[in-house]
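Undergrad: Below is target.pdb; it holds PDB, C-alpha atoms and all ligand atoms.
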ATOM      1  CA  MET J 664      70.781  31.915 143.870  1.00  0.00           C
ATOM      2  CA  ALA J 665      67.937  31.325 141.493  1.00  0.00           C
ATOM      3  CA  ASN J 666      68.042  27.827 140.093  1.00  0.00           C
ATOM      4  CA  TYR J 667      64.970  28.183 137.943  1.00  0.00           C
ATOM      5  CA  ASN J 668      63.906  29.996 134.820  1.00  0.00           C
ATOM      6  CA  GLU J 669      60.505  31.399 134.030  1.00  0.00           C
ATOM      7  CA  ILE J 670      59.028  30.568 130.671  1.00  0.00           C
ATOM      8  CA  GLN J 671      55.789  31.425 128.953  1.00  0.00           C
ATOM      9  CA  VAL J 672      53.542  28.490 128.080  1.00  0.00           C
ATOM     10  CA  LYS J 673      50.212  28.229 126.344  1.00  0.00           C
ATOM     11  CA  CYS J 674      47.462  26.290 128.092  1.00  0.00           C
ATOM     12  CA  PRO J 675      46.254  23.495 125.785  1.00  0.00           C
ATOM     13  CA  SER J 676      42.788  23.686 127.359  1.00  0.00           C
ATOM     14  CA  CYS J 677      41.848  27.405 127.319  1.00  0.00           C
ATOM     15  CA  GLY J 678      44.597  28.706 125.026  1.00  0.00           C
ATOM     16  CA  GLN J 679      45.740  31.473 127.403  1.00  0.00           C
ATOM     17  CA  GLN J 680      49.389  32.178 128.086  1.00  0.00           C
ATOM     18  CA  HIS J 681      50.893  31.917 131.540  1.00  0.00           C
ATOM     19  CA  ARG J 682      54.327  31.845 133.116  1.00  0.00           C
ATOM     20  CA  VAL J 683      55.809  28.796 134.823  1.00  0.00           C
ATOM     21  CA  ARG J 684      59.031  27.975 136.580  1.00  0.00           C
ATOM     22  CA  ILE J 685      61.314  25.347 135.101  1.00  0.00           C
ATOM     23  CA  TYR J 686      64.411  23.889 136.744  1.00  0.00           C
ATOM     24  CA  PRO J 687      67.159  23.094 134.218  1.00  0.00           C
ATOM     25  CA  SER J 688      69.578  22.192 137.001  1.00  0.00           C
ATOM     26  CA  ILE J 689      68.781  20.916 140.480  1.00  0.00           C
ATOM     27  CA  ASN J 690      71.330  20.343 143.226  1.00  0.00           C
ATOM     28  CA  VAL J 691      69.507  18.751 146.158  1.00  0.00           C
ATOM     29  CA  SER J 692      72.286  19.638 148.594  1.00  0.00           C
ATOM     30  CA  GLU J 693      71.489  23.304 147.948  1.00  0.00           C
ATOM     31  CA  THR J 694      67.720  22.941 147.520  1.00  0.00           C
ATOM     32  CA  PRO J 695      66.646  19.738 149.330  1.00  0.00           C
ATOM     33  CA  GLU J 696      62.969  20.707 149.071  1.00  0.00           C
ATOM     34  CA  LEU J 697      63.130  20.110 145.320  1.00  0.00           C
ATOM     35  CA  ARG J 698      63.833  16.385 145.740  1.00  0.00           C
ATOM     36  CA  GLU J 699      60.207  15.677 146.681  1.00  0.00           C
ATOM     37  CA  LYS J 700      58.968  17.933 143.887  1.00  0.00           C
ATOM     38  CA  VAL J 701      60.963  15.878 141.390  1.00  0.00           C
ATOM     39  CA  CYS J 702      59.605  12.600 142.801  1.00  0.00           C
ATOM     40  CA  SER J 703      56.032  13.905 142.636  1.00  0.00           C
ATOM     41  CA  GLY J 704      56.510  15.424 139.206  1.00  0.00           C
ATOM     42  CA  GLU J 705      55.565  18.890 140.471  1.00  0.00           C
ATOM     43  CA  VAL J 706      58.585  20.499 138.808  1.00  0.00           C
ATOM     44  CA  PHE J 707      57.288  19.248 135.460  1.00  0.00           C
ATOM     45  CA  THR J 708      53.685  20.308 135.980  1.00  0.00           C
ATOM     46  CA  ALA J 709      52.292  23.635 134.789  1.00  0.00           C
ATOM     47  CA  GLU J 710      48.913  24.554 136.223  1.00  0.00           C
ATOM     48  CA  CYS J 711      46.974  27.157 134.261  1.00  0.00           C
ATOM     49  CA  PRO J 712      45.927  30.067 136.537  1.00  0.00           C
ATOM     50  CA  HIS J 713      42.976  30.796 134.221  1.00  0.00           C
ATOM     51  CA  CYS J 714      41.261  27.407 134.049  1.00  0.00           C
ATOM     52  CA  GLY J 715      43.201  25.087 136.369  1.00  0.00           C
ATOM     53  CA  HIS J 716      44.253  22.706 133.607  1.00  0.00           C
ATOM     54  CA  ARG J 717      47.500  20.913 134.384  1.00  0.00           C
ATOM     55  CA  GLN J 718      49.953  20.012 131.668  1.00  0.00           C
ATOM     56  CA  ILE J 719      53.223  18.094 131.867  1.00  0.00           C
ATOM     57  CA  LEU J 720      56.216  20.034 130.569  1.00  0.00           C
ATOM     58  CA  LYS J 721      59.180  18.209 129.208  1.00  0.00           C
ATOM     59  CA  TYR J 722      62.484  20.031 129.380  1.00  0.00           C
ATOM     60  CA  ASP J 723      66.120  19.107 129.863  1.00  0.00           C
ATOM     61  CA  MET J 724      67.092  18.722 133.497  1.00  0.00           C
ATOM     62  CA  LEU J 725      70.275  17.855 135.319  1.00  0.00           C
ATOM     63  CA  TYR J 726      69.509  16.355 138.731  1.00  0.00           C
ATOM     64  CA  HIS J 727      72.517  16.304 141.050  1.00  0.00           C
ATOM     65  CA  ASP J 728      72.745  14.731 144.509  1.00  0.00           C
ATOM     66  CA  PRO J 729      76.370  15.323 145.596  1.00  0.00           C
ATOM     67  CA  GLU J 730      76.010  13.404 148.881  1.00  0.00           C
ATOM     68  CA  ALA J 731      74.687  10.243 147.232  1.00  0.00           C
ATOM     69  CA  LYS J 732      76.991  10.808 144.235  1.00  0.00           C
ATOM     70  CA  VAL J 733      74.073  10.599 141.851  1.00  0.00           C
ATOM     71  CA  LEU J 734      73.635  12.480 138.608  1.00  0.00           C
ATOM     72  CA  VAL J 735      70.568  11.941 136.452  1.00  0.00           C
ATOM     73  CA  CYS J 736      70.427  13.766 133.171  1.00  0.00           C
ATOM     74  CA  LEU J 737      67.146  14.180 131.309  1.00  0.00           C
ATOM     75  CA  THR J 738      67.978  15.145 127.748  1.00  0.00           C
ATOM     76  CA  ASP J 739      67.933  14.013 124.149  1.00  0.00           C
ATOM     77  CA  SER J 740      71.154  15.895 123.475  1.00  0.00           C
ATOM     78  CA  VAL J 741      74.710  14.686 123.741  1.00  0.00           C
ATOM     79  CA  PHE J 742      75.978  14.995 127.270  1.00  0.00           C
ATOM     80  CA  HIS J 743      79.367  14.251 128.762  1.00  0.00           C
ATOM     81  CA  SER J 744      79.983  13.213 132.355  1.00  0.00           C
ATOM     82  CA  ASP J 745      83.742  13.775 132.426  1.00  0.00           C
ATOM     83  CA  GLY J 746      85.140  14.236 135.899  1.00  0.00           C
ATOM     84  CA  MET J 747      82.256  12.396 137.572  1.00  0.00           C
ATOM     85  CA  GLU J 748      84.209   9.275 138.580  1.00  0.00           C
ATOM     86  CA  GLY J 749      82.616   7.394 141.448  1.00  0.00           C
ATOM     87  CA  TYR J 750      79.198   8.705 140.477  1.00  0.00           C
ATOM     88  CA  ASN J 751      76.117   6.893 139.308  1.00  0.00           C
ATOM     89  CA  CYS J 752      75.521   8.878 136.119  1.00  0.00           C
ATOM     90  CA  ARG J 753      72.263   8.108 134.387  1.00  0.00           C
ATOM     91  CA  LEU J 754      70.863   9.381 131.142  1.00  0.00           C
ATOM     92  CA  VAL J 755      67.068   9.365 130.762  1.00  0.00           C
ATOM     93  CA  SER J 756      64.904  10.612 127.912  1.00  0.00           C
ATOM     94  CA  ASP J 757      61.542  11.128 129.591  1.00  0.00           C
ATOM     95  CA  VAL J 758      60.148  12.755 132.709  1.00  0.00           C
ATOM     96  CA  GLY J 759      58.757   9.493 134.143  1.00  0.00           C
ATOM     97  CA  SER J 760      62.168   7.837 133.956  1.00  0.00           C
ATOM     98  CA  LEU J 761      63.845  10.762 135.711  1.00  0.00           C
ATOM     99  CA  MET J 762      61.248  10.640 138.500  1.00  0.00           C
ATOM    100  CA  GLU J 763      61.746   6.898 138.850  1.00  0.00           C
ATOM    101  CA  LYS J 764      65.553   7.145 139.058  1.00  0.00           C
ATOM    102  CA  VAL J 765      65.354   9.831 141.735  1.00  0.00           C
ATOM    103  CA  LYS J 766      62.839   7.740 143.731  1.00  0.00           C
ATOM    104  CA  ILE J 767      65.117   4.681 143.541  1.00  0.00           C
ATOM    105  CA  PHE J 768      68.213   6.565 144.676  1.00  0.00           C
ATOM    106  CA  THR J 769      66.254   8.461 147.345  1.00  0.00           C
ATOM    107  CA  ALA J 770      65.066   5.097 148.736  1.00  0.00           C
ATOM    108  CA  GLY J 771      68.724   4.116 149.062  1.00  0.00           C
ATOM    109  CA  LEU J 772      68.414   1.400 146.422  1.00  0.00           C
ATOM    110  CA  ASP J 773      70.778   0.443 143.620  1.00  0.00           C
ATOM    111  CA  ASP J 774      69.125   1.118 140.259  1.00  0.00           C
ATOM    112  CA  LEU J 775      71.112  -1.650 138.584  1.00  0.00           C
ATOM    113  CA  VAL J 776      69.632  -4.160 141.045  1.00  0.00           C
ATOM    114  CA  VAL J 777      66.144  -2.637 140.673  1.00  0.00           C
ATOM    115  CA  GLU J 778      66.322  -3.023 136.868  1.00  0.00           C
ATOM    116  CA  LEU J 779      67.319  -6.664 137.321  1.00  0.00           C
ATOM    117  CA  CYS J 780      64.373  -7.165 139.737  1.00  0.00           C
ATOM    118  CA  LYS J 781      62.076  -5.769 137.055  1.00  0.00           C
ATOM    119  CA  TYR J 782      63.649  -7.957 134.380  1.00  0.00           C
ATOM    120  CA  VAL J 783      63.167 -11.130 136.462  1.00  0.00           C
ATOM    121  CA  THR J 784      59.643 -10.144 137.529  1.00  0.00           C
ATOM    122  CA  ILE J 785      58.477  -9.354 133.984  1.00  0.00           C
ATOM    123  CA  ARG J 786      59.634 -12.799 132.855  1.00  0.00           C
ATOM    124  CA  GLU J 787      57.857 -14.451 135.773  1.00  0.00           C
ATOM    125  CA  MET J 788      54.662 -12.569 134.907  1.00  0.00           C
ATOM    126  CA  GLY J 789      54.951 -13.753 131.315  1.00  0.00           C
ATOM    127  CA  LYS J 790      53.612 -10.387 130.118  1.00  0.00           C
ATOM    128  CA  ASP J 791      55.171  -7.665 128.064  1.00  0.00           C
ATOM    129  CA  VAL J 792      54.752  -4.841 130.558  1.00  0.00           C
ATOM    130  CA  SER J 793      56.760  -1.830 131.573  1.00  0.00           C
ATOM    131  CA  LEU J 794      57.326  -1.713 135.344  1.00  0.00           C
ATOM    132  CA  ARG J 795      58.023   1.486 137.253  1.00  0.00           C
ATOM    133  CA  PHE J 796      59.464   1.664 140.752  1.00  0.00           C
ATOM    134  CA  LEU J 797      57.098   3.615 143.008  1.00  0.00           C
ATOM    135  CA  ARG J 798      58.257   3.220 146.610  1.00  0.00           C
ATOM    136  CA  MET J 799      59.305   0.931 149.438  1.00  0.00           C
ATOM    137  CA  ASP J 800      56.484  -0.160 151.687  1.00  0.00           C
ATOM    138  CA  GLY J 801      56.035  -1.576 155.171  1.00  0.00           C
ATOM    139  CA  ALA J 802      58.407  -2.916 157.805  1.00  0.00           C
ATOM    140  CA  ASP J 803      59.522  -5.758 155.527  1.00  0.00           C
ATOM    141  CA  GLN J 804      60.530  -3.207 152.864  1.00  0.00           C
ATOM    142  CA  SER J 805      58.474  -4.588 150.015  1.00  0.00           C
ATOM    143  CA  ILE J 806      59.123  -2.875 146.713  1.00  0.00           C
ATOM    144  CA  ILE J 807      56.017  -1.428 145.093  1.00  0.00           C
ATOM    145  CA  MET J 808      56.005  -1.232 141.316  1.00  0.00           C
ATOM    146  CA  ALA J 809      53.341   0.000 138.936  1.00  0.00           C
ATOM    147  CA  TYR J 810      52.519  -0.921 135.354  1.00  0.00           C
ATOM    148  CA  PRO J 811      49.845   0.168 132.906  1.00  0.00           C
ATOM    149  CA  GLN J 812      47.201  -2.362 131.907  1.00  0.00           C
ATOM    150  CA  ASN J 813      43.920  -1.739 130.091  1.00  0.00           C
ATOM    151  CA  GLY J 814      44.293   1.988 130.612  1.00  0.00           C
ATOM    152  CA  GLN J 815      44.808   1.720 134.374  1.00  0.00           C
ATOM    153  CA  MET J 816      47.826   1.559 136.635  1.00  0.00           C
ATOM    154  CA  GLU J 817      48.177  -1.814 138.342  1.00  0.00           C
ATOM    155  CA  MET J 818      50.292  -2.201 141.470  1.00  0.00           C
ATOM    156  CA  LEU J 819      52.694  -5.019 142.098  1.00  0.00           C
ATOM    157  CA  GLU J 820      54.510  -5.898 145.308  1.00  0.00           C
ATOM    158  CA  ILE J 821      57.947  -7.481 145.142  1.00  0.00           C
ATOM    159  CA  GLY J 822      59.510  -8.963 148.275  1.00  0.00           C
ATOM    160  CA  PHE J 823      62.815  -7.535 149.439  1.00  0.00           C
ATOM    161  CA  ASN J 824      64.263 -11.059 149.130  1.00  0.00           C
ATOM    162  CA  VAL J 825      63.967 -10.680 145.331  1.00  0.00           C
ATOM    163  CA  TYR J 826      66.018  -7.490 145.566  1.00  0.00           C
ATOM    164  CA  GLU J 827      68.612  -9.294 147.696  1.00  0.00           C
ATOM    165  CA  ASP J 828      68.786 -12.210 145.261  1.00  0.00           C
ATOM    166  CA  CYS J 829      69.280  -9.779 142.369  1.00  0.00           C
ATOM    167  CA  ALA J 830      71.953  -7.908 144.346  1.00  0.00           C
ATOM    168  CA  GLY J 831      73.741 -11.261 144.708  1.00  0.00           C
ATOM    169  CA  ILE J 832      73.628 -11.828 140.949  1.00  0.00           C
ATOM    170  CA  VAL J 833      75.037  -8.335 140.336  1.00  0.00           C
ATOM    171  CA  ASN J 834      77.840  -8.929 142.849  1.00  0.00           C
ATOM    172  CA  ARG J 835      78.779 -12.206 141.155  1.00  0.00           C
ATOM    173  CA  ASN J 836      78.949 -10.466 137.756  1.00  0.00           C
ATOM    174  CA  PRO J 837      81.451  -7.614 138.039  1.00  0.00           C
ATOM    175  CA  ALA J 838      81.102  -6.982 134.298  1.00  0.00           C
ATOM    176  CA  LEU J 839      77.608  -5.657 134.995  1.00  0.00           C
ATOM    177  CA  ARG J 840      78.842  -3.092 137.493  1.00  0.00           C
ATOM    178  CA  ASP J 841      81.715  -2.100 135.206  1.00  0.00           C
ATOM    179  CA  ALA J 842      79.310  -1.567 132.310  1.00  0.00           C
ATOM    180  CA  ALA J 843      77.156   0.673 134.521  1.00  0.00           C
ATOM    181  CA  GLY J 844      80.082   3.090 135.037  1.00  0.00           C
ATOM    182  CA  GLY J 845      80.090   6.402 133.213  1.00  0.00           C
ATOM    183  CA  LEU J 846      76.950   7.905 131.779  1.00  0.00           C
ATOM    184  CA  VAL J 847      74.494   5.086 131.054  1.00  0.00           C
ATOM    185  CA  THR J 848      70.870   4.746 130.033  1.00  0.00           C
ATOM    186  CA  LEU J 849      70.280   1.960 132.550  1.00  0.00           C
ATOM    187  CA  ASP J 850      66.901   0.523 131.620  1.00  0.00           C
ATOM    188  CA  GLN J 851      65.349  -2.794 130.553  1.00  0.00           C
ATOM    189  CA  ASN J 852      67.048  -2.666 127.125  1.00  0.00           C
ATOM    190  CA  TRP J 853      70.375  -2.217 128.835  1.00  0.00           C
ATOM    191  CA  ILE J 854      69.925  -5.063 131.322  1.00  0.00           C
ATOM    192  CA  GLY J 855      68.553  -7.343 128.579  1.00  0.00           C
ATOM    193  CA  ARG J 856      71.901  -7.252 126.801  1.00  0.00           C
ATOM    194  CA  PHE J 857      73.440  -9.265 129.652  1.00  0.00           C
ATOM    195  CA  PHE J 858      70.854 -12.036 130.055  1.00  0.00           C
TER     196      PHE J 858
HETATM  197 ZN    ZN L   1      43.888  27.231 130.849  1.00  0.00          ZN
END
What's the structure tokens form of this structure?

TA:
Amino acid sequence: MANYNEIQVKCPSCGQQHRVRIYPSINVSETPELREKVCSGEVFTAECPHCGHRQILKYDMLYHDPEAKVLVCLTDSVFHSDGMEGYNCRLVSDVGSLMEKVKIFTAGLDDLVVELCKYVTIREMGKDVSLRFLRMDGADQSIIMAYPQNGQMEMLEIGFNVYEDCAGIVNRNPALRDAAGGLVTLDQNWIGRFF
């Protein structure tokens, strides 16, 4: 079953039209190969066959991982998650946030705990930065984050003990977990309301 549409786009570099595939709905139980293409951003990238220019496409996407009970919805529209009890339902409004959520869940991490790790780390840094989860690294499972500074991406390594400490805080505050039920935009604004 086709799970993609083909649309016509105009290359911003050479101005020529070309067709690209977009994926409004992805179920990674049916098409596991698309998980990596979401994490890498490939499903949002249109490469012009005429000049090779690559542009990022933004379109609404519903990412569904039935095994992990994860649903991430990229949209600016109203969306209801009725009947998704027991799921982590997340609403995101940009491609980078969707990629980050899928990477977090694919790594087997809890995004609520990851957001708290970011919140704590940003305060320790004493800078107003926006951290993005990239990956787990090494045998000690360090968490690698990235943030933009002076036009470049800087990397930051967070020990897994920070994640465990944050998981402890979440477990001692059931109101946090309750608030994360249903369809939630779980980001730094959200976590900041609790601390
Ligand atoms: Zn082009």

Undergrad: Give the residues close to ligand ZN 1 (chain L), within 6 Å, counting all atoms listed in the file; write them as number ranges by chain.

TA: J: 674, 676-677, 679, 711, 713-716

Undergrad: Do a neighbour search on Glu827 of chain J at 12 Å with only C-alpha atoms, toss out local chain neighbours closer than 2 positions, and write the hits as a CSV table (one decimal) with C-alpha atoms, in the frame of the given file.

TA:
chain,number,residue,atom,x,y,z
J,772,LEU,CA,68.4,1.4,146.4
J,773,ASP,CA,70.8,0.4,143.6
J,776,VAL,CA,69.6,-4.2,141.0
J,777,VAL,CA,66.1,-2.6,140.7
J,779,LEU,CA,67.3,-6.7,137.3
J,780,CYS,CA,64.4,-7.2,139.7
J,804,GLN,CA,60.5,-3.2,152.9
J,805,SER,CA,58.5,-4.6,150.0
J,806,ILE,CA,59.1,-2.9,146.7
J,821,ILE,CA,57.9,-7.5,145.1
J,822,GLY,CA,59.5,-9.0,148.3
J,823,PHE,CA,62.8,-7.5,149.4
J,824,ASN,CA,64.3,-11.1,149.1
J,825,VAL,CA,64.0,-10.7,145.3
J,829,CYS,CA,69.3,-9.8,142.4
J,830,ALA,CA,72.0,-7.9,144.3
J,831,GLY,CA,73.7,-11.3,144.7
J,832,ILE,CA,73.6,-11.8,140.9
J,833,VAL,CA,75.0,-8.3,140.3
J,834,ASN,CA,77.8,-8.9,142.8

Undergrad: Quick one: pull the distance between atom CA of Leu737 of chain J and atom CA of Lys790 of chain J, Å, one decimal.

TA: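 We find that atom CA of Leu737 of chain J and atom CA of Lys790 of chain J lie 28.1 Å from each other.
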
Undergrad: At what distance in Å, to one decimal, does atom CA of His727 of chain J lie from atom CA of Asn836 of chain J?

TA: 27.7 Å

Undergrad: What is the atom CA of Ser744 of chain J to atom CA of Thr708 of chain J distance in Å?

TA: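 Pair atom CA of Ser744 of chain J / atom CA of Thr708 of chain J returns 27.5 Å.
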
Undergrad: List as number ranges by chain the protein and nucleic acid residues near Gln718 of chain J, meaning an atom at most 12 Å away when only C-alpha atoms are counted, but skip any in the same chain fewer than 6 places from it.

TA: J: 672-677, 681, 683, 704-712

Undergrad: Run the PyMOL selection byres (((chain J and resi 858) around 12) and not hetatm) on the file and write out the hits as JSON, numbers by chain.

TA: {"J": [779, 782, 783, 786, 832, 833, 836, 839, 851, 852, 853, 854, 855, 856, 857]}

Undergrad: So, counting all atoms listed in the file, which residue among J:Glu763, J:Ile719, J:Met724, J:Glu669 is closest to Asn690 of chain J?

TA: J:Met724

Undergrad: What do you get, as a PyMOL selection string, if you spell out every residue that the PyMOL selection byres (((chain J and resi 753) around 6) and not hetatm) selects here?

TA: chain J and resi 735+752+754+846-848

Undergrad: J:Lys732, J:His743, J:Lys721, J:Lys781: which is nearest Asp757 of chain J, counting only C-alpha atoms?

TA: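 Closest to Asp757 of chain J, using only C-alpha atoms: J:Lys721.
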
Undergrad: If we count all atoms listed in the file and set the cut-off at 8 Å, which residues sit around Phe768 of chain J, ignoring sequence neighbours fewer than 5 positions away in its own chain? Please answer as a CSV table (one decimal) with C-alpha atoms, in the frame of the given file.

TA:
chain,number,residue,atom,x,y,z
J,731,ALA,CA,74.7,10.2,147.2
J,733,VAL,CA,74.1,10.6,141.9
J,773,ASP,CA,70.8,0.4,143.6
J,774,ASP,CA,69.1,1.1,140.3

Undergrad: From the options J:Val758, J:Ile685, J:Val741, J:Ile767, which residue's atoms come nearest to Leu697 of chain J, counting all atoms listed in the file?

TA: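 So, comparing all the options, the nearest one is J:Ile685.
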
Undergrad: Given only C-alpha atoms as the basis, pick out the residue of J:Cys736, J:Met799, J:Leu761, J:Ile807 nearest to Ser703 of chain J.

TA: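 Checking each candidate against Ser703 of chain J, we get J:Leu761 as the closest.
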
Undergrad: With 3 Å added on each side, what axis-aligned box encloses every listed atom of segment 761-780 of chain J? Give the centre and edge lengths in Å to one decimal, as JSON.

TA:
{"center_x": 66.2, "center_y": 1.8, "center_z": 142.4, "size_x": 15.9, "size_y": 23.9, "size_z": 19.4}

Undergrad: Quick one: of J:Leu849, J:Met788, J:Met808, J:Leu734, who's nearest to Glu748 of chain J, counting only C-alpha atoms?

TA: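 The answer is J:Leu734, which sits nearest to Glu748 of chain J.
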
Undergrad: What's the 12 Å shell around Pro695 of chain J, counting all atoms listed in the file, without same-chain residues fewer than 5 positions away, as a list of chain:residue names?

TA: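 So, after excluding close chain neighbours, the residues are J:Ile689, J:Asn690, J:Lys700, J:Val701, J:Cys702, J:Tyr726, J:His727, J:Asp728, J:Pro729, J:Glu730, J:Thr769.
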
Undergrad: Generate all heavy atoms for segment 707-715 of chain J and emit them as a short mmCIF file (atom, residue, chain, number, x, y, z; two decimals), in the frame of the given file.

TA:
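Once written, rebuild29.cif looks like this:
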data_model
loop_
_atom_site.label_atom_id
_atom_site.label_comp_id
_atom_site.auth_asym_id
_atom_site.auth_seq_id
_atom_site.Cartn_x
_atom_site.Cartn_y
_atom_site.Cartn_z
N PHE J 707 57.59 19.40 136.89
CA PHE J 707 57.29 19.25 135.46
C PHE J 707 55.82 19.57 135.16
O PHE J 707 55.35 19.31 134.06
CB PHE J 707 57.58 17.82 135.00
CG PHE J 707 59.03 17.42 135.11
CD1 PHE J 707 59.45 16.56 136.11
CD2 PHE J 707 59.97 17.93 134.24
CE1 PHE J 707 60.78 16.20 136.23
CE2 PHE J 707 61.30 17.58 134.34
CZ PHE J 707 61.70 16.71 135.34
N THR J 708 55.11 20.07 136.16
CA THR J 708 53.68 20.31 135.98
C THR J 708 53.41 21.81 135.92
O THR J 708 53.85 22.55 136.79
CB THR J 708 52.90 19.69 137.16
OG1 THR J 708 53.26 18.32 137.28
CG2 THR J 708 51.39 19.78 136.90
N ALA J 709 52.69 22.23 134.90
CA ALA J 709 52.29 23.64 134.79
C ALA J 709 50.78 23.71 134.96
O ALA J 709 50.04 23.12 134.17
CB ALA J 709 52.70 24.19 133.43
N GLU J 710 50.36 24.41 136.00
CA GLU J 710 48.91 24.55 136.22
C GLU J 710 48.47 25.91 135.71
O GLU J 710 49.01 26.95 136.09
CB GLU J 710 48.59 24.40 137.72
CG GLU J 710 47.09 24.44 137.96
CD GLU J 710 46.71 24.07 139.39
OE1 GLU J 710 47.53 23.44 140.08
OE2 GLU J 710 45.60 24.44 139.80
N CYS J 711 47.47 25.91 134.86
CA CYS J 711 46.97 27.16 134.26
C CYS J 711 46.21 27.97 135.31
O CYS J 711 45.27 27.46 135.93
CB CYS J 711 46.05 26.82 133.09
SG CYS J 711 45.26 28.28 132.39
N PRO J 712 46.62 29.24 135.54
CA PRO J 712 45.93 30.07 136.54
C PRO J 712 44.54 30.50 136.06
O PRO J 712 43.73 30.98 136.85
CB PRO J 712 46.85 31.27 136.70
CG PRO J 712 47.62 31.35 135.42
CD PRO J 712 47.74 29.94 134.90
N HIS J 713 44.26 30.35 134.77
CA HIS J 713 42.98 30.80 134.22
C HIS J 713 41.90 29.72 134.33
O HIS J 713 40.76 30.01 134.64
CB HIS J 713 43.15 31.22 132.76
CG HIS J 713 44.26 32.21 132.56
ND1 HIS J 713 44.17 33.52 133.00
CD2 HIS J 713 45.49 32.07 132.02
CE1 HIS J 713 45.30 34.15 132.72
NE2 HIS J 713 46.12 33.29 132.13
N CYS J 714 42.29 28.45 134.07
CA CYS J 714 41.26 27.41 134.05
C CYS J 714 41.61 26.20 134.91
O CYS J 714 40.80 25.29 135.06
CB CYS J 714 40.97 26.96 132.61
SG CYS J 714 42.28 25.93 131.91
N GLY J 715 42.83 26.18 135.48
CA GLY J 715 43.20 25.09 136.37
C GLY J 715 43.72 23.84 135.68
O GLY J 715 44.08 22.87 136.33
#
